[in-house]
Structures are given as structure tokens and as C-alpha cells.
>>> print(open('start-v3.txt').read())   # compact mmCIF, C-alpha atoms
# COMPACT_ATOMS: atom_id res chain seq x y z
CA MET A 1 -33.97 -13.71 21.45
CA GLU A 2 -35.73 -15.47 24.32
CA ILE A 3 -34.73 -15.32 27.95
CA ASP A 4 -33.05 -18.42 29.39
CA ARG A 5 -34.39 -18.19 32.92
CA ALA A 6 -32.61 -21.26 34.26
CA GLY A 7 -29.31 -20.30 32.67
CA LEU A 8 -29.61 -16.70 33.86
CA ALA A 9 -30.39 -17.75 37.43
CA GLU A 10 -27.50 -20.21 37.57
CA PHE A 11 -25.02 -17.75 36.08
CA LEU A 12 -26.02 -15.03 38.57
CA ARG A 13 -25.72 -17.41 41.52
CA ARG A 14 -22.29 -18.64 40.42
CA ARG A 15 -20.94 -15.15 39.88
CA ARG A 16 -22.35 -13.90 43.19
CA GLU A 17 -20.86 -16.82 45.11
CA SER A 18 -17.46 -16.33 43.47
CA LEU A 19 -17.11 -12.76 44.77
CA GLN A 20 -15.95 -11.76 48.24
CA PRO A 21 -16.90 -8.44 49.88
CA GLU A 22 -13.36 -7.11 49.57
CA ASP A 23 -13.46 -7.84 45.82
CA VAL A 24 -16.11 -5.17 45.36
CA GLY A 25 -15.12 -2.65 48.03
CA LEU A 26 -17.48 -3.86 50.78
CA PRO A 27 -16.54 -4.57 54.42
CA ARG A 28 -16.50 -8.26 55.37
CA GLY A 29 -17.83 -7.88 58.90
CA PRO A 30 -16.86 -10.04 61.93
CA ARG A 31 -19.77 -12.52 61.83
CA ARG A 32 -19.86 -13.36 58.16
CA ARG A 33 -20.70 -16.99 57.34
CA THR A 34 -21.91 -16.68 53.74
CA ASP A 35 -19.65 -17.88 50.93
CA GLY A 36 -19.49 -15.08 48.42
CA LEU A 37 -21.77 -12.06 48.42
CA ARG A 38 -25.25 -11.94 49.90
CA ARG A 39 -28.16 -11.16 47.60
CA GLU A 40 -28.80 -7.88 49.40
CA GLU A 41 -25.18 -6.83 48.82
CA VAL A 42 -25.45 -7.56 45.11
CA ALA A 43 -28.70 -5.60 44.98
CA VAL A 44 -26.98 -2.55 46.49
CA LEU A 45 -24.10 -2.84 44.00
CA CYS A 46 -26.60 -3.11 41.13
CA HIS A 47 -28.87 -0.26 42.34
CA MET A 48 -32.01 -2.40 42.56
CA SER A 49 -34.20 -3.95 45.25
CA THR A 50 -33.17 -7.20 46.91
CA ASP A 51 -36.55 -8.68 46.00
CA TYR A 52 -36.07 -7.91 42.31
CA TYR A 53 -32.62 -9.46 42.22
CA ALA A 54 -33.71 -12.50 44.25
CA ARG A 55 -36.52 -13.22 41.79
CA LEU A 56 -34.00 -13.41 38.95
CA GLU A 57 -32.00 -16.02 40.85
CA ARG A 58 -35.25 -17.94 41.46
CA GLU A 59 -36.25 -17.88 37.77
CA ARG A 60 -39.19 -15.58 38.44
CA GLY A 61 -40.44 -12.15 37.48
CA PRO A 62 -40.62 -10.31 34.14
CA GLN A 63 -37.78 -10.26 31.64
CA PRO A 64 -35.19 -7.74 32.90
CA SER A 65 -34.58 -4.71 30.70
CA GLU A 66 -31.27 -4.02 28.99
CA GLN A 67 -30.67 -1.24 31.53
CA MET A 68 -31.16 -3.66 34.42
CA ILE A 69 -28.84 -6.24 32.87
CA ALA A 70 -26.17 -3.58 32.29
CA SER A 71 -26.46 -2.56 35.94
CA ILE A 72 -26.14 -6.17 37.11
CA ALA A 73 -23.12 -6.74 34.87
CA GLN A 74 -21.42 -3.70 36.36
CA GLY A 75 -22.36 -4.54 39.93
CA LEU A 76 -21.01 -8.08 39.62
CA HIS A 77 -17.75 -6.78 38.11
CA LEU A 78 -18.20 -8.88 34.96
CA SER A 79 -15.68 -8.92 32.15
CA LEU A 80 -16.89 -7.92 28.69
CA GLY A 81 -17.22 -11.56 27.71
CA GLU A 82 -19.25 -12.32 30.83
CA ARG A 83 -21.38 -9.22 30.27
CA ASP A 84 -22.18 -10.27 26.71
CA HIS A 85 -23.10 -13.77 27.95
CA LEU A 86 -25.39 -12.28 30.59
CA PHE A 87 -27.19 -10.17 27.99
CA ARG A 88 -27.82 -13.21 25.79
CA LEU A 89 -29.11 -15.25 28.74
CA ALA A 90 -31.54 -12.42 29.48
CA GLY A 91 -32.77 -12.40 25.88
CA HIS A 92 -30.98 -9.26 24.68
CA HIS A 93 -28.28 -8.50 22.16
CA PRO A 94 -25.05 -7.36 23.89
CA PRO A 95 -24.14 -3.66 23.68
CA ALA A 96 -21.38 -2.52 21.36
CA ARG A 97 -17.84 -2.71 22.61
CA GLY A 98 -15.16 -0.06 22.28
CA ALA A 99 -15.21 3.72 22.55
CA SER A 100 -18.99 4.03 22.84
CA GLY A 101 -19.25 1.36 25.54
CA GLU A 102 -19.82 2.31 29.17
CA HIS A 103 -19.18 -0.99 30.93
CA VAL A 104 -16.21 -0.42 33.25
CA GLY A 105 -13.84 -3.38 33.16
CA PRO A 106 -13.31 -5.42 36.35
CA ALA A 107 -9.61 -4.52 36.55
CA LEU A 108 -10.37 -0.79 36.78
CA LEU A 109 -13.20 -1.46 39.22
CA ARG A 110 -10.93 -3.48 41.51
CA ILE A 111 -8.51 -0.57 41.65
CA LEU A 112 -11.30 1.95 42.19
CA ASP A 113 -12.75 -0.16 45.03
CA ARG A 114 -9.42 0.11 46.87
CA LEU A 115 -9.20 3.89 46.55
CA GLN A 116 -12.18 4.85 48.71
CA ASP A 117 -10.21 7.56 50.56
CA THR A 118 -8.62 8.92 47.36
CA PRO A 119 -10.38 11.10 44.77
CA ALA A 120 -10.62 8.97 41.64
CA GLU A 121 -13.00 8.49 38.73
CA VAL A 122 -13.42 6.45 35.56
CA VAL A 123 -14.28 8.51 32.48
CA THR A 124 -14.85 7.90 28.79
CA GLU A 125 -12.64 9.42 26.10
CA THR A 126 -15.23 12.19 25.66
CA GLY A 127 -15.29 13.03 29.37
CA GLU A 128 -18.41 11.27 30.71
CA THR A 129 -17.90 10.12 34.30
CA LEU A 130 -18.89 6.47 34.75
CA ARG A 131 -17.75 5.81 38.32
CA GLN A 132 -16.35 7.84 41.24
CA THR A 133 -14.94 7.05 44.64
CA PRO A 134 -16.63 8.70 47.65
CA ALA A 135 -13.64 11.06 47.93
CA GLY A 136 -14.00 11.80 44.23
CA VAL A 137 -17.60 12.85 44.77
CA ALA A 138 -16.48 15.02 47.69
CA LEU A 139 -13.91 16.72 45.42
CA THR A 140 -15.90 17.37 42.24
CA GLY A 141 -19.50 16.57 43.18
CA ASP A 142 -21.51 13.68 41.75
CA THR A 143 -20.66 14.03 38.06
CA THR A 144 -22.43 10.78 37.18
CA ARG A 145 -25.80 12.49 37.67
CA PHE A 146 -25.74 14.40 34.38
CA THR A 147 -27.69 13.25 31.33
CA GLY A 148 -27.38 13.80 27.59
CA PRO A 149 -24.41 15.78 26.25
CA SER A 150 -23.99 17.41 29.68
CA ARG A 151 -22.53 14.13 30.91
CA SER A 152 -19.28 15.26 29.26
CA LEU A 153 -17.15 17.71 31.25
CA GLY A 154 -15.76 19.12 28.00
CA TYR A 155 -19.28 19.86 26.80
CA ARG A 156 -20.33 21.37 30.14
CA TRP A 157 -17.20 23.51 30.14
CA PHE A 158 -18.49 25.50 27.16
CA ALA A 159 -22.24 25.08 27.59
CA ASP A 160 -22.59 25.72 31.35
CA PRO A 161 -20.55 28.57 32.91
CA GLY A 162 -21.01 27.03 36.36
CA ALA A 163 -18.88 24.06 35.33
CA ARG A 164 -15.80 26.28 35.63
CA ASP A 165 -16.36 27.32 39.23
CA LEU A 166 -14.36 24.39 40.62
CA TYR A 167 -11.19 25.35 38.75
CA GLU A 168 -8.62 28.09 39.28
CA PRO A 169 -9.69 31.08 37.11
CA GLU A 170 -6.14 31.60 35.83
CA ASP A 171 -6.31 28.13 34.27
CA HIS A 172 -9.61 28.60 32.43
CA ALA A 173 -8.10 29.75 29.13
CA PHE A 174 -5.73 26.79 28.96
CA LEU A 175 -8.47 24.32 29.93
CA SER A 176 -10.70 25.68 27.17
CA ARG A 177 -7.93 25.02 24.65
CA LEU A 178 -7.31 21.58 26.17
CA TYR A 179 -10.95 20.46 25.89
CA ALA A 180 -11.34 21.76 22.33
CA SER A 181 -8.07 20.10 21.30
CA GLY A 182 -9.00 16.82 22.96
CA LEU A 183 -12.44 16.71 21.33
CA ARG A 184 -10.90 17.31 17.90
CA GLU A 185 -8.48 14.43 18.42
CA VAL A 186 -11.28 12.05 19.44
CA LEU A 187 -13.46 13.15 16.51
CA THR A 188 -10.60 12.53 14.06
CA ARG A 189 -10.03 9.09 15.57
CA ARG A 190 -13.72 8.06 15.64
CA GLY A 191 -15.00 9.91 12.58
CA PRO A 192 -18.35 11.41 11.51
CA GLY A 193 -21.35 10.03 13.34
CA SER A 194 -19.36 9.53 16.56
CA ARG A 195 -20.31 10.95 19.93
CA ALA A 196 -17.41 13.40 19.63
CA ALA A 197 -18.74 14.64 16.28
CA ARG A 198 -22.16 15.23 17.85
CA TYR A 199 -20.69 17.19 20.74
CA ALA A 200 -18.61 19.33 18.38
CA GLU A 201 -21.67 20.10 16.25
CA LEU A 202 -23.70 21.12 19.29
CA LEU A 203 -20.94 23.31 20.70
CA LEU A 204 -20.22 25.00 17.36
CA ASP A 205 -23.83 26.12 17.38
CA ARG A 206 -23.89 27.10 21.04
CA SER A 207 -20.51 28.59 22.05
CA ALA A 208 -18.63 31.44 20.36
CA GLU A 209 -15.55 30.61 22.45
CA PHE A 210 -15.62 27.01 21.23
CA ARG A 211 -16.02 28.12 17.60
CA GLU A 212 -12.96 30.37 17.87
CA LEU A 213 -10.84 27.60 19.41
CA TRP A 214 -12.15 24.96 16.97
CA GLU A 215 -11.06 27.07 14.02
CA ARG A 216 -7.46 26.97 15.29
CA HIS A 217 -7.26 23.19 14.64
CA GLU A 218 -5.05 22.92 17.73
CA VAL A 219 -4.17 19.35 18.70
CA GLY A 220 -1.62 17.64 20.92
CA LEU A 221 -2.28 19.60 24.12
CA ARG A 222 -1.89 17.60 27.30
CA PRO A 223 -2.99 18.34 30.88
CA ARG A 224 -0.54 20.19 33.09
CA GLU A 225 1.25 18.27 35.80
CA THR A 226 -0.70 20.04 38.55
CA LYS A 227 -4.45 20.60 38.56
CA ARG A 228 -5.67 23.54 40.62
CA PHE A 229 -9.12 23.36 42.18
CA VAL A 230 -11.17 25.92 44.12
CA HIS A 231 -13.33 23.76 46.37
CA PRO A 232 -16.42 25.35 47.98
CA GLU A 233 -15.69 23.75 51.37
CA VAL A 234 -11.90 23.44 51.74
CA GLY A 235 -10.66 26.15 49.36
CA ALA A 236 -7.65 25.98 47.03
CA LEU A 237 -6.15 22.58 46.17
CA GLU A 238 -3.12 21.69 44.06
CA LEU A 239 -3.30 18.05 42.98
CA SER A 240 -1.40 15.71 40.71
CA CYS A 241 -3.51 13.57 38.37
CA GLN A 242 -2.33 10.10 37.37
CA THR A 243 -4.09 8.30 34.53
CA LEU A 244 -4.65 4.58 33.95
CA VAL A 245 -6.00 3.45 30.58
CA ASP A 246 -8.27 0.55 29.60
CA PRO A 247 -7.48 0.29 25.87
CA GLU A 248 -10.29 -2.18 25.17
CA GLN A 249 -13.01 0.27 26.20
CA SER A 250 -11.02 3.52 25.81
CA HIS A 251 -11.77 4.35 29.45
CA LEU A 252 -9.50 6.41 31.66
CA MET A 253 -9.09 6.21 35.43
CA LEU A 254 -8.04 9.55 36.92
CA VAL A 255 -6.48 9.45 40.40
CA TYR A 256 -5.84 12.70 42.30
CA THR A 257 -3.09 12.96 44.91
CA ALA A 258 -1.27 15.71 46.80
CA VAL A 259 2.33 16.14 47.92
CA PRO A 260 2.67 14.50 51.36
CA GLY A 261 2.74 17.03 54.19
CA SER A 262 1.34 19.82 52.03
CA GLU A 263 -1.71 21.93 52.81
CA SER A 264 -3.49 20.25 49.90
CA ALA A 265 -2.76 16.82 51.40
CA GLU A 266 -4.48 17.85 54.64
CA LYS A 267 -7.46 19.16 52.69
CA LEU A 268 -7.68 15.88 50.79
CA ARG A 269 -7.76 14.06 54.11
CA LEU A 270 -10.71 16.22 55.17
CA LEU A 271 -12.48 15.53 51.88
CA ALA A 272 -12.01 11.78 52.40
CA VAL A 273 -13.81 12.11 55.75
CA VAL A 274 -16.61 14.07 54.07
CA GLY A 275 -16.89 11.37 51.40
CA ARG A 276 -17.18 8.58 53.97
CA GLN A 277 -19.80 10.51 55.94
CA ARG A 278 -21.93 11.13 52.86
CA LEU A 279 -21.63 7.51 51.80
CA GLY A 280 -22.72 6.41 55.27
CA ALA A 281 -25.66 8.79 55.21
CA LEU A 282 -26.81 7.38 51.87
CA ALA A 283 -26.48 3.83 53.17
CA ASP A 284 -28.52 4.68 56.30
CA GLY A 285 -31.16 6.37 54.14
>>> encode(input="start-v3.txt", output="C-alpha cells")
Amino acid sequence: MEIDRAGLAEFLRRRRESLQPEDVGLPRGPRRRTDGLRREEVAVLCHMSTDYYARLERERGPQPSEQMIASIAQGLHLSLGERDHLFRLAGHHPPARGASGEHVGPALLRILDRLQDTPAEVVTETGETLRQTPAGVALTGDTTRFTGPSRSLGYRWFADPGARDLYEPEDHAFLSRLYASGLREVLTRRGPGSRAARYAELLLDRSAEFRELWERHEVGLRPRETKRFVHPEVGALELSCQTLVDPEQSHLMLVYTAVPGSESAEKLRLLAVVGRQRLGALADG
């Protein structure tokens, strides 16, 4: 496939101009005159330089890689149809849809953008974190930084003992059963050759605890109503976790809240402040 530079540039301009700052979780500012987003704002959302993005809109520069196009599609909050169109304009075949896809749908992103002071994240069915709110990063750390199988919390749970430090020790045994059960359910649903099958194979070779739990063939376990965390800065937290589902991509949005007036609610408020401060420091840097 060949790149359609004129079509790509026009599509990017139209999509950028159709978005307002509040659509993507950005402040509008008192002196704003631009219709839609500025190029520099889109560049920040897409994790690339303003110059690189501007050249695409001006029909210049080398053909963008698939990784760059995926980042632009996510930053511009494109639907799957729009994402696929963008890939074709850039001269690439669109990525697969469904359980293996990592493009977060615009509906989930719009919700996530409005939860900046609430711990929330979007994860795949095998536990890879795709997006987090600043408060979510303050609660669990930046879990999007992992690569390979370690992107999955369920995999890290058995392969990296440090992954358990954030959770109440009394809950570890149940969480081990929960992750093994959940992985078996996903493997059964997706079949051999799936990402879940690969994780199970790796863990069977690596973890005696996982092997013992896998042999039980336990399925149907569901998370408890309250999740108990042991945070390194604010201490013990008891949080409820609500889940929203994107059935098209099999993505889950997890939103953590505390009982109003509780000690955990006050600690969440402190974590929200920490999240905003860290986000501001990154922006200044």
C-alpha cells in the first residue's frame, strides 16, 4: 500500500479541528481563539514532537510507522473505523480488531478523561494496562511501562514477587486463585495460539504456585467487592472497584472509589493531589 499524503493531511486536520480541549481532558484556557485543538496539543496527546506532527499535516516528511499511526489514532480519540481509515491513508494495513487489539475506544477515553482525580485504568482481558488516570498512576504506579508478558498483572503476580507488595497479604492466596482462574477462562474463550495460552505456557514453566492452581481447573471466581491496597505513601486503603466493558475490543475500565467520609476516601484525595503534581512536573519537564 502507498501513502496518500494529501488524504492523510486532510483527515488529520479535520479530526484535530473537530475536537475541543475538554473532549480529550485538556484545559481550555481563558484566551483560546483556535477552533479545535492546536497542533502542539495533538502532539502531546500522541507522544510525538510538534514538528513531526505538523509535517504530516503539511504532506511532508517520511512515511509514518505503524506505531506512530497507532499513537495518533489513540491521541485523536478515533473510533475503530476511523483508525482503520487512518492506517490505510498512511499506507499500512489496519491492526486486527477484537481481543488482541489495544486501541482504546473513544467512549472509554471520554470517560477516562473526566476522571482525572479518580484512580481508573483501561486494561485488556489478560490484564495489560493501556491507559491510566493521574490518580491511577499515583495508586498503582505507572503500569503501562512494562513490556512483553510482564505487561499483564496476572503474569507479574506469579513471575515477580514484588508485584504483590501493593496488596494486603491476607488477600494474596485468593488473588492467586483469581488470576489463575481468569487466565483459564480467557484461554478457553480464545483458544490455542492466543495471548492467554502463551502466558499460561510461560507461567507453567516458571511458577510452581501457578502449576498447582492451574491443575485445579478452577473457573468462575470473581473479584471481591472490596480491594485492599497497602500503598507505600498513604498506607492501607479499602476501595470498591467498578468495571465498565467495551465488548468490541474486550477492554475493561476499572474505577476505584472509597466510601465517602472514610479514612480511605481522605487518602484517595491525597493521592489525587499527588497525581496532579506529578502530571504537572512531567508537563513542565
>>> atom_distance(input="start-v3.txt", atom1="CA of Glu102 in chain A", atom2="CA of Glu128 in chain A")
9.2 Å
>>> closest_residue(input="start-v3.txt", among="A:Ala265, A:Leu244, A:Leu175, A:Leu80", to="Arg224 in chain A", atoms="only C-alpha atoms")
A:Leu175
>>> closest_residue(input="start-v3.txt", among="A:Glu209, A:Phe146, A:Arg83, A:Gln20", to="Arg33 in chain A", atoms="all atoms listed in the file")
A:Gln20
>>> residues_around(input="start-v3.txt", residues="range 180-195 of chain A", least_positions_apart="2", cutoff="7 Å", atoms="only C-alpha atoms", output="PyMOL selection string")
chain A and resi 126+176-178+197-199+210+213-214+218-221
>>> residues_around(input="start-v3.txt", residues="Ala159 in chain A", least_positions_apart="5", cutoff="9 Å", atoms="all atoms listed in the file", output="PyMOL selection string")
chain A and resi 150+154+203+206-207
>>> closest_residue(input="start-v3.txt", among="A:Arg13, A:Arg222, A:Arg55, A:Arg145", to="Arg38 in chain A", atoms="all atoms listed in the file")
A:Arg13
